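*Asks:* Sharing start-v9.cif, mmCIF, N, CA and C atoms:
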data_model
#
loop_
_atom_site.label_atom_id
_atom_site.label_comp_id
_atom_site.auth_asym_id
_atom_site.auth_seq_id
_atom_site.Cartn_x
_atom_site.Cartn_y
_atom_site.Cartn_z
N MET A 1 119.25 60.44 93.92
CA MET A 1 119.43 61.32 92.79
C MET A 1 120.92 61.33 92.44
N ASN A 2 121.23 61.09 91.16
CA ASN A 2 122.64 61.07 90.76
C ASN A 2 123.18 62.49 90.58
N THR A 3 124.47 62.60 90.38
CA THR A 3 125.14 63.90 90.29
C THR A 3 124.63 64.72 89.11
N THR A 4 124.41 64.08 87.99
CA THR A 4 123.93 64.79 86.81
C THR A 4 122.53 65.35 87.05
N SER A 5 121.67 64.57 87.64
CA SER A 5 120.31 65.04 87.94
C SER A 5 120.34 66.18 88.95
N ARG A 6 121.20 66.07 89.94
CA ARG A 6 121.31 67.11 90.96
C ARG A 6 121.78 68.44 90.32
N ARG A 7 122.77 68.36 89.44
CA ARG A 7 123.28 69.57 88.78
C ARG A 7 122.21 70.19 87.87
N LEU A 8 121.49 69.34 87.16
CA LEU A 8 120.42 69.83 86.31
C LEU A 8 119.36 70.53 87.14
N CYS A 9 119.02 69.94 88.26
CA CYS A 9 118.03 70.53 89.16
C CYS A 9 118.52 71.88 89.71
N GLN A 10 119.79 71.92 90.10
CA GLN A 10 120.37 73.17 90.60
C GLN A 10 120.38 74.24 89.52
N SER A 11 120.71 73.87 88.29
CA SER A 11 120.72 74.81 87.18
C SER A 11 119.33 75.37 86.91
N LEU A 12 118.34 74.48 86.95
CA LEU A 12 116.96 74.93 86.74
C LEU A 12 116.51 75.88 87.85
N LEU A 13 116.88 75.59 89.08
CA LEU A 13 116.53 76.48 90.19
C LEU A 13 117.19 77.84 90.03
N LEU A 14 118.47 77.85 89.63
CA LEU A 14 119.19 79.11 89.42
C LEU A 14 118.55 79.90 88.29
N ALA A 15 118.21 79.24 87.19
CA ALA A 15 117.57 79.91 86.05
C ALA A 15 116.22 80.50 86.48
N SER A 16 115.47 79.76 87.28
CA SER A 16 114.18 80.26 87.77
C SER A 16 114.36 81.49 88.64
N ALA A 17 115.38 81.46 89.50
CA ALA A 17 115.63 82.61 90.37
C ALA A 17 116.00 83.84 89.55
N VAL A 18 116.81 83.67 88.52
CA VAL A 18 117.19 84.80 87.66
C VAL A 18 115.97 85.35 86.93
N LEU A 19 115.14 84.47 86.39
CA LEU A 19 113.94 84.91 85.69
C LEU A 19 112.96 85.65 86.61
N CYS A 20 112.90 85.25 87.86
CA CYS A 20 112.01 85.90 88.81
C CYS A 20 112.47 87.32 89.15
N THR A 21 113.76 87.58 89.04
CA THR A 21 114.26 88.92 89.37
C THR A 21 114.16 89.88 88.20
N LEU A 22 113.94 89.39 86.98
CA LEU A 22 113.87 90.27 85.82
C LEU A 22 112.78 91.33 85.93
N PRO A 23 111.55 91.00 86.37
CA PRO A 23 110.54 92.06 86.50
C PRO A 23 110.97 93.15 87.48
N VAL A 24 111.67 92.80 88.54
CA VAL A 24 112.13 93.79 89.50
C VAL A 24 113.17 94.69 88.84
N LEU A 25 114.10 94.08 88.10
CA LEU A 25 115.12 94.87 87.41
C LEU A 25 114.50 95.76 86.36
N ALA A 26 113.46 95.28 85.70
CA ALA A 26 112.80 96.08 84.67
C ALA A 26 112.13 97.31 85.25
N GLN A 27 111.82 97.29 86.55
CA GLN A 27 111.15 98.44 87.16
C GLN A 27 112.12 99.54 87.58
N GLU A 28 113.45 99.31 87.41
CA GLU A 28 114.41 100.37 87.63
C GLU A 28 114.08 101.44 86.59
N ALA A 29 113.85 102.64 87.01
CA ALA A 29 113.31 103.61 86.07
C ALA A 29 114.08 104.91 86.06
N ARG A 30 114.06 105.52 84.92
CA ARG A 30 114.60 106.85 84.71
C ARG A 30 113.66 107.85 85.38
N LYS A 31 114.22 108.91 85.99
CA LYS A 31 113.41 109.96 86.58
C LYS A 31 113.10 111.00 85.52
N VAL A 32 111.82 111.22 85.30
CA VAL A 32 111.36 112.12 84.25
C VAL A 32 110.43 113.16 84.86
N GLY A 33 110.70 114.41 84.57
CA GLY A 33 109.83 115.49 85.06
C GLY A 33 108.50 115.50 84.34
N PRO A 34 107.49 116.12 84.94
CA PRO A 34 106.16 116.15 84.33
C PRO A 34 106.15 116.75 82.92
N GLN A 35 107.03 117.72 82.65
CA GLN A 35 107.05 118.35 81.33
C GLN A 35 107.62 117.44 80.25
N GLN A 36 108.41 116.43 80.62
CA GLN A 36 108.99 115.52 79.65
C GLN A 36 108.28 114.16 79.59
N LEU A 37 107.29 113.98 80.44
CA LEU A 37 106.63 112.68 80.55
C LEU A 37 106.02 112.22 79.23
N TYR A 38 105.52 113.16 78.43
CA TYR A 38 104.87 112.81 77.17
C TYR A 38 105.81 112.06 76.21
N ASN A 39 107.13 112.18 76.44
CA ASN A 39 108.09 111.44 75.61
C ASN A 39 108.07 109.94 75.92
N TYR A 40 107.48 109.56 77.04
CA TYR A 40 107.46 108.16 77.48
C TYR A 40 106.06 107.60 77.63
N TRP A 41 105.21 108.37 78.31
CA TRP A 41 103.87 107.89 78.61
C TRP A 41 102.86 109.02 78.41
N ILE A 42 101.66 108.65 77.97
CA ILE A 42 100.58 109.60 77.77
C ILE A 42 99.41 109.17 78.65
N ARG A 43 98.94 110.10 79.46
CA ARG A 43 97.81 109.75 80.34
C ARG A 43 96.56 109.56 79.50
N LEU A 44 95.89 108.45 79.70
CA LEU A 44 94.72 108.10 78.91
C LEU A 44 93.42 108.64 79.48
N ASN A 45 93.33 108.70 80.79
CA ASN A 45 92.09 109.19 81.40
C ASN A 45 92.26 110.66 81.78
N THR A 46 91.28 111.46 81.40
CA THR A 46 91.33 112.90 81.71
C THR A 46 90.59 113.22 82.99
N LYS A 47 89.76 112.32 83.44
CA LYS A 47 89.04 112.50 84.70
C LYS A 47 89.27 111.26 85.55
N VAL A 48 89.48 111.49 86.85
CA VAL A 48 89.71 110.37 87.77
C VAL A 48 88.89 110.56 89.03
N GLN A 49 88.63 109.47 89.68
CA GLN A 49 87.92 109.48 90.96
C GLN A 49 88.91 109.90 92.05
N VAL A 50 88.50 110.82 92.92
CA VAL A 50 89.34 111.29 94.01
C VAL A 50 88.59 111.08 95.31
N ASN A 51 89.26 110.51 96.30
CA ASN A 51 88.67 110.32 97.62
C ASN A 51 88.94 111.54 98.47
N MET A 52 88.00 112.48 98.49
CA MET A 52 88.15 113.72 99.24
C MET A 52 87.70 113.52 100.69
N PRO A 53 88.45 114.09 101.63
CA PRO A 53 88.03 114.00 103.04
C PRO A 53 86.83 114.90 103.31
N ASN A 54 86.02 114.51 104.26
CA ASN A 54 84.86 115.31 104.65
C ASN A 54 85.25 116.48 105.53
N SER A 55 86.31 116.31 106.28
CA SER A 55 86.77 117.38 107.15
C SER A 55 88.28 117.25 107.31
N GLY A 56 88.90 118.34 107.76
CA GLY A 56 90.34 118.31 107.96
C GLY A 56 90.93 119.71 107.90
N LYS A 57 92.23 119.76 107.97
CA LYS A 57 92.99 121.01 108.02
C LYS A 57 93.17 121.61 106.62
N ASN A 58 92.84 122.88 106.46
CA ASN A 58 93.05 123.66 105.24
C ASN A 58 92.47 123.02 103.98
N LEU A 59 91.32 122.41 104.08
CA LEU A 59 90.73 121.76 102.91
C LEU A 59 90.23 122.76 101.87
N LEU A 60 89.90 123.96 102.28
CA LEU A 60 89.37 124.96 101.35
C LEU A 60 90.39 126.00 100.93
N LYS A 61 91.59 125.92 101.49
CA LYS A 61 92.64 126.88 101.18
C LYS A 61 93.34 126.48 99.87
N PRO A 62 93.65 127.45 98.99
CA PRO A 62 94.40 127.11 97.78
C PRO A 62 95.76 126.51 98.12
N GLY A 63 96.14 125.47 97.40
CA GLY A 63 97.42 124.84 97.64
C GLY A 63 97.71 123.76 96.63
N CYS A 64 98.78 123.02 96.88
CA CYS A 64 99.18 121.96 95.97
C CYS A 64 99.77 120.79 96.75
N VAL A 65 99.76 119.64 96.10
CA VAL A 65 100.35 118.43 96.66
C VAL A 65 101.18 117.76 95.56
N ALA A 66 102.44 117.49 95.84
CA ALA A 66 103.31 116.77 94.90
C ALA A 66 103.29 115.29 95.26
N VAL A 67 102.99 114.46 94.27
CA VAL A 67 102.89 113.03 94.47
C VAL A 67 103.86 112.34 93.51
N SER A 68 104.79 111.56 94.04
CA SER A 68 105.73 110.83 93.19
C SER A 68 105.20 109.41 92.97
N TYR A 69 105.60 108.83 91.84
CA TYR A 69 105.16 107.48 91.52
C TYR A 69 105.99 106.93 90.37
N LEU A 70 105.85 105.66 90.16
CA LEU A 70 106.49 104.95 89.06
C LEU A 70 105.39 104.51 88.11
N ILE A 71 105.58 104.79 86.83
CA ILE A 71 104.65 104.25 85.84
C ILE A 71 105.23 102.92 85.40
N GLY A 72 104.55 101.84 85.75
CA GLY A 72 105.03 100.51 85.42
C GLY A 72 104.88 100.20 83.94
N SER A 73 105.42 99.10 83.51
CA SER A 73 105.39 98.73 82.10
C SER A 73 103.97 98.51 81.57
N ASP A 74 103.00 98.38 82.48
CA ASP A 74 101.60 98.23 82.07
C ASP A 74 100.85 99.56 82.08
N GLY A 75 101.54 100.67 82.40
CA GLY A 75 100.90 101.99 82.40
C GLY A 75 100.15 102.33 83.67
N VAL A 76 100.33 101.54 84.70
CA VAL A 76 99.63 101.75 85.98
C VAL A 76 100.61 102.33 87.00
N PRO A 77 100.22 103.39 87.73
CA PRO A 77 101.09 103.97 88.75
C PRO A 77 101.37 102.99 89.90
N LEU A 78 102.65 102.94 90.29
CA LEU A 78 103.10 102.11 91.41
C LEU A 78 103.85 103.00 92.39
N HIS A 79 103.97 102.56 93.62
CA HIS A 79 104.74 103.25 94.65
C HIS A 79 104.32 104.72 94.78
N VAL A 80 103.03 104.97 94.80
CA VAL A 80 102.49 106.32 94.91
C VAL A 80 102.79 106.86 96.30
N LYS A 81 103.42 108.06 96.34
CA LYS A 81 103.83 108.62 97.63
C LYS A 81 103.68 110.14 97.62
N VAL A 82 103.02 110.67 98.64
CA VAL A 82 102.91 112.12 98.81
C VAL A 82 104.28 112.63 99.25
N GLN A 83 104.82 113.59 98.49
CA GLN A 83 106.15 114.12 98.78
C GLN A 83 106.12 115.50 99.42
N LYS A 84 105.14 116.32 99.02
CA LYS A 84 105.11 117.70 99.52
C LYS A 84 103.67 118.21 99.50
N VAL A 85 103.29 118.91 100.57
CA VAL A 85 101.96 119.52 100.67
C VAL A 85 102.17 120.99 101.06
N VAL A 86 101.71 121.92 100.19
CA VAL A 86 101.90 123.35 100.43
C VAL A 86 100.58 124.07 100.21
N PRO A 87 100.08 124.80 101.20
CA PRO A 87 100.47 124.81 102.61
C PRO A 87 100.04 123.49 103.27
N ALA A 88 100.52 123.29 104.48
CA ALA A 88 100.18 122.06 105.20
C ALA A 88 98.66 121.89 105.25
N SER A 89 98.21 120.69 104.87
CA SER A 89 96.78 120.40 104.88
C SER A 89 96.57 118.89 104.95
N ASP A 90 95.32 118.50 104.97
CA ASP A 90 94.96 117.08 104.98
C ASP A 90 94.57 116.59 103.59
N LEU A 91 95.09 117.25 102.54
CA LEU A 91 94.74 116.90 101.17
C LEU A 91 95.70 115.90 100.52
N GLY A 92 96.76 115.50 101.23
CA GLY A 92 97.71 114.54 100.68
C GLY A 92 97.07 113.24 100.24
N PRO A 93 96.27 112.59 101.10
CA PRO A 93 95.64 111.33 100.68
C PRO A 93 94.70 111.50 99.48
N ALA A 94 94.04 112.64 99.37
CA ALA A 94 93.17 112.87 98.22
C ALA A 94 93.99 112.94 96.93
N ALA A 95 95.13 113.65 96.99
CA ALA A 95 96.00 113.74 95.81
C ALA A 95 96.54 112.37 95.44
N ALA A 96 96.95 111.59 96.43
CA ALA A 96 97.46 110.24 96.16
C ALA A 96 96.38 109.36 95.54
N SER A 97 95.14 109.51 95.97
CA SER A 97 94.06 108.70 95.40
C SER A 97 93.83 109.07 93.94
N ALA A 98 93.99 110.34 93.58
CA ALA A 98 93.84 110.75 92.18
C ALA A 98 94.92 110.10 91.33
N VAL A 99 96.17 110.19 91.77
CA VAL A 99 97.30 109.64 91.00
C VAL A 99 97.19 108.13 90.87
N THR A 100 96.74 107.47 91.91
CA THR A 100 96.56 106.02 91.87
C THR A 100 95.61 105.60 90.75
N ASN A 101 94.67 106.47 90.42
CA ASN A 101 93.68 106.15 89.39
C ASN A 101 94.10 106.56 87.98
N PHE A 102 95.29 107.17 87.81
CA PHE A 102 95.78 107.50 86.47
C PHE A 102 96.05 106.22 85.70
N ARG A 103 95.87 106.27 84.40
CA ARG A 103 96.24 105.17 83.51
C ARG A 103 96.96 105.77 82.31
N TYR A 104 98.04 105.10 81.89
CA TYR A 104 98.89 105.61 80.83
C TYR A 104 99.03 104.61 79.69
N GLY A 105 99.28 105.17 78.51
CA GLY A 105 99.66 104.39 77.34
C GLY A 105 101.04 104.85 76.91
N PRO A 106 101.84 103.96 76.34
CA PRO A 106 103.19 104.34 75.94
C PRO A 106 103.17 105.31 74.76
N SER A 107 104.12 106.24 74.74
CA SER A 107 104.25 107.13 73.60
C SER A 107 104.88 106.35 72.45
N LEU A 108 104.90 106.94 71.27
CA LEU A 108 105.49 106.27 70.11
C LEU A 108 106.98 106.01 70.29
N SER A 109 107.64 106.84 71.12
CA SER A 109 109.07 106.64 71.35
C SER A 109 109.34 105.68 72.51
N ASN A 110 108.30 105.13 73.11
CA ASN A 110 108.44 104.18 74.23
C ASN A 110 107.71 102.87 73.91
N ARG A 111 107.99 102.34 72.76
CA ARG A 111 107.31 101.11 72.32
C ARG A 111 107.66 99.91 73.18
N SER A 112 108.75 100.02 73.94
CA SER A 112 109.15 98.93 74.84
C SER A 112 108.47 99.02 76.20
N HIS A 113 107.64 100.05 76.39
CA HIS A 113 106.90 100.25 77.64
C HIS A 113 107.86 100.39 78.82
N ASN A 114 108.94 101.14 78.64
CA ASN A 114 109.91 101.33 79.72
C ASN A 114 109.28 102.11 80.87
N PRO A 115 109.41 101.61 82.09
CA PRO A 115 108.89 102.33 83.26
C PRO A 115 109.67 103.63 83.48
N VAL A 116 108.99 104.61 84.04
CA VAL A 116 109.66 105.85 84.44
C VAL A 116 109.14 106.28 85.80
N ALA A 117 110.02 106.93 86.55
CA ALA A 117 109.62 107.56 87.82
C ALA A 117 109.30 109.01 87.50
N THR A 118 108.23 109.51 88.05
CA THR A 118 107.83 110.88 87.79
C THR A 118 107.05 111.40 88.99
N TYR A 119 106.50 112.58 88.84
CA TYR A 119 105.61 113.11 89.88
C TYR A 119 104.54 113.96 89.23
N TYR A 120 103.50 114.20 89.97
CA TYR A 120 102.39 115.02 89.51
C TYR A 120 102.04 116.00 90.61
N VAL A 121 101.80 117.24 90.24
CA VAL A 121 101.39 118.25 91.21
C VAL A 121 99.89 118.42 91.08
N VAL A 122 99.18 118.14 92.17
CA VAL A 122 97.73 118.25 92.20
C VAL A 122 97.37 119.59 92.83
N PRO A 123 96.72 120.48 92.06
CA PRO A 123 96.30 121.75 92.64
C PRO A 123 94.95 121.58 93.34
N PHE A 124 94.77 122.28 94.43
CA PHE A 124 93.49 122.29 95.12
C PHE A 124 93.03 123.73 95.28
N ASN A 125 91.76 123.96 94.99
CA ASN A 125 91.15 125.28 95.14
C ASN A 125 91.96 126.33 94.38
N SER A 126 92.44 125.97 93.20
CA SER A 126 93.30 126.87 92.45
C SER A 126 92.50 127.87 91.63
N PRO A 127 93.12 129.01 91.34
CA PRO A 127 92.44 130.01 90.51
C PRO A 127 92.34 129.53 89.07
N ASP A 128 91.42 130.11 88.30
CA ASP A 128 91.24 129.73 86.89
C ASP A 128 92.35 130.28 86.02
N ASP A 129 92.92 131.40 86.41
CA ASP A 129 93.99 132.04 85.64
C ASP A 129 95.23 131.15 85.63
N LYS A 130 95.76 130.84 84.43
CA LYS A 130 96.91 129.93 84.30
C LYS A 130 98.14 130.45 85.04
N ALA A 131 98.45 131.72 84.92
CA ALA A 131 99.63 132.28 85.59
C ALA A 131 99.50 132.16 87.11
N ALA A 132 98.31 132.45 87.63
CA ALA A 132 98.09 132.36 89.08
C ALA A 132 98.15 130.89 89.53
N ARG A 133 97.63 129.98 88.72
CA ARG A 133 97.67 128.55 89.05
C ARG A 133 99.12 128.04 89.04
N ASP A 134 99.89 128.47 88.04
CA ASP A 134 101.31 128.07 87.97
C ASP A 134 102.07 128.56 89.19
N LYS A 135 101.77 129.78 89.62
CA LYS A 135 102.42 130.34 90.81
C LYS A 135 102.05 129.54 92.06
N LEU A 136 100.80 129.14 92.14
CA LEU A 136 100.32 128.33 93.27
C LEU A 136 101.02 126.97 93.31
N MET A 137 101.26 126.38 92.14
CA MET A 137 101.82 125.03 92.06
C MET A 137 103.35 125.01 92.12
N ALA A 138 104.00 126.12 91.90
CA ALA A 138 105.47 126.18 91.85
C ALA A 138 106.16 125.62 93.10
N PRO A 139 105.66 125.89 94.31
CA PRO A 139 106.34 125.35 95.50
C PRO A 139 106.33 123.82 95.60
N CYS A 140 105.49 123.17 94.81
CA CYS A 140 105.40 121.71 94.86
C CYS A 140 106.31 121.02 93.85
N ALA A 141 107.07 121.78 93.08
CA ALA A 141 108.00 121.15 92.13
C ALA A 141 109.04 120.35 92.92
N LEU A 142 109.36 119.16 92.44
CA LEU A 142 110.31 118.28 93.10
C LEU A 142 111.65 118.28 92.36
N PRO A 143 112.75 118.37 93.07
CA PRO A 143 114.07 118.32 92.42
C PRO A 143 114.43 116.89 92.01
N GLY A 144 115.32 116.78 91.04
CA GLY A 144 115.85 115.48 90.67
C GLY A 144 115.08 114.76 89.58
N TYR A 145 114.10 115.40 88.98
CA TYR A 145 113.30 114.76 87.94
C TYR A 145 113.54 115.43 86.59
N ASN A 146 114.76 115.85 86.33
CA ASN A 146 115.04 116.59 85.11
C ASN A 146 115.59 115.73 83.99
N GLN A 147 115.76 114.44 84.22
CA GLN A 147 116.24 113.56 83.16
C GLN A 147 115.16 113.48 82.08
N GLY A 148 115.55 113.36 80.87
CA GLY A 148 114.59 113.24 79.79
C GLY A 148 114.88 112.09 78.99
#
Once more with this new file: its structure as structure tokens, please.

*Replies:*
Amino acid sequence: MNTTSRRLCQSLLLASAVLCTLPVLAQEARKVGPQQLYNYWIRLNTKVQVNMPNSGKNLLKPGCVAVSYLIGSDGVPLHVKVQKVVPASDLGPAAASAVTNFRYGPSLSNRSHNPVATYYVVPFNSPDDKAARDKLMAPCALPGYNQG
């Protein structure tokens, strides 16, 4: 292989490596709180399948689970992680399974499908009254998601 061919081959390999890293760089995301999420993504499904445990700790006690995740450019949750469970219970995996099944469409102001990091608070055994439900879910609010 001559020098020109070798350099061309090296350039093509370098270009390929740069192109392969672009999707990873595109997943760097702004942290957006649940109240501002509608500015970027709108959840399309109103009902989701949840994998509930048959037995475990505090399954019938009112509580909440905060689940963080990244909404990828295709509207599918990635890196789903249980962050907080109040009170302590075995409902974390159930909350994570719900969030994993969310699907989103971009808002009109997010036509580029920019990914965002956010979280969702899943209430369990919550009261019907909105004020009582908000009080139940308040301990699961996560700091650091106030960017809009």

*Asks:* Mind telling me what the PyMOL selection byres ((chain A and resi 113) around 8) catches here, as a short mmCIF file (atom, residue, chain, number, x, y, z; two decimals) with N, CA and C atoms, in the frame of the given file?

*Replies:*
data_model
loop_
_atom_site.label_atom_id
_atom_site.label_comp_id
_atom_site.auth_asym_id
_atom_site.auth_seq_id
_atom_site.Cartn_x
_atom_site.Cartn_y
_atom_site.Cartn_z
N TYR A 40 107.48 109.56 77.04
CA TYR A 40 107.46 108.16 77.48
C TYR A 40 106.06 107.60 77.63
N ILE A 71 105.58 104.79 86.83
CA ILE A 71 104.65 104.25 85.84
C ILE A 71 105.23 102.92 85.40
N GLY A 72 104.55 101.84 85.75
CA GLY A 72 105.03 100.51 85.42
C GLY A 72 104.88 100.20 83.94
N SER A 73 105.42 99.10 83.51
CA SER A 73 105.39 98.73 82.10
C SER A 73 103.97 98.51 81.57
N ASP A 74 103.00 98.38 82.48
CA ASP A 74 101.60 98.23 82.07
C ASP A 74 100.85 99.56 82.08
N GLY A 75 101.54 100.67 82.40
CA GLY A 75 100.90 101.99 82.40
C GLY A 75 100.15 102.33 83.67
N GLY A 105 99.28 105.17 78.51
CA GLY A 105 99.66 104.39 77.34
C GLY A 105 101.04 104.85 76.91
N PRO A 106 101.84 103.96 76.34
CA PRO A 106 103.19 104.34 75.94
C PRO A 106 103.17 105.31 74.76
N SER A 107 104.12 106.24 74.74
CA SER A 107 104.25 107.13 73.60
C SER A 107 104.88 106.35 72.45
N SER A 109 107.64 106.84 71.12
CA SER A 109 109.07 106.64 71.35
C SER A 109 109.34 105.68 72.51
N ASN A 110 108.30 105.13 73.11
CA ASN A 110 108.44 104.18 74.23
C ASN A 110 107.71 102.87 73.91
N ARG A 111 107.99 102.34 72.76
CA ARG A 111 107.31 101.11 72.32
C ARG A 111 107.66 99.91 73.18
N SER A 112 108.75 100.02 73.94
CA SER A 112 109.15 98.93 74.84
C SER A 112 108.47 99.02 76.20
N ASN A 114 108.94 101.14 78.64
CA ASN A 114 109.91 101.33 79.72
C ASN A 114 109.28 102.11 80.87
N PRO A 115 109.41 101.61 82.09
CA PRO A 115 108.89 102.33 83.26
C PRO A 115 109.67 103.63 83.48
N VAL A 116 108.99 104.61 84.04
CA VAL A 116 109.66 105.85 84.44
C VAL A 116 109.14 106.28 85.80
#

*Asks:* Using Å and a single decimal, report how far CA of Pro123 in chain A sits from CA of Pro34 in chain A.

*Replies:*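 Spanning CA of Pro34 in chain A to CA of Pro123 in chain A is a straight-line distance of 14.1 Å.
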
*Asks:* On this structure, which residues satisfy the PyMOL selection byres ((chain A and resi 58) around 6), written as an MDAnalysis selection string?

*Replies:* chainID A and resid 56:57 59:61 88:90

*Asks:* Quick one: of A:Ala138, A:Val82, A:Leu70, A:Leu108, who's nearest to Asn39 in chain A, counting only N, CA and C atoms?

*Replies:*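 Checking each of A:Ala138, A:Val82, A:Leu70, A:Leu108 against Asn39 in chain A, counting only N, CA and C atoms, the winner is A:Leu108.
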
*Asks:* Translate the PyMOL selection byres ((chain A and resi 96) around 8) into a concrete residue list for this structure, as a list in words.

*Replies:*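 What the PyMOL selection byres ((chain A and resi 96) around 8) grabs from the file is Val50, Asn51, Val65, Ala66, Val67, Ser68, Val80, Lys81, Val82, Leu91, Gly92, Pro93, Ala94, Ala95, Ser97, Ala98, Val99, Thr100, Asn101 and Val122 of chain A.
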
*Asks:* Could you state the separation of atom N of Ile42 in chain A and atom N of Pro87 in chain A in Å, given to one decimal place?

*Replies:* 28.3 Å

*Asks:* Between atom C of Lys130 in chain A and atom N of His79 in chain A, what is the distance, to one decimal in Å?

*Replies:* 29.8 Å

*Asks:* Contacts of Pro127 in chain A at 8 Å or less, counting all atoms listed in the file, minus same-chain residues fewer than 6 places along, as a ChimeraX atom specification?

*Replies:* /A:62-63,133-134,136
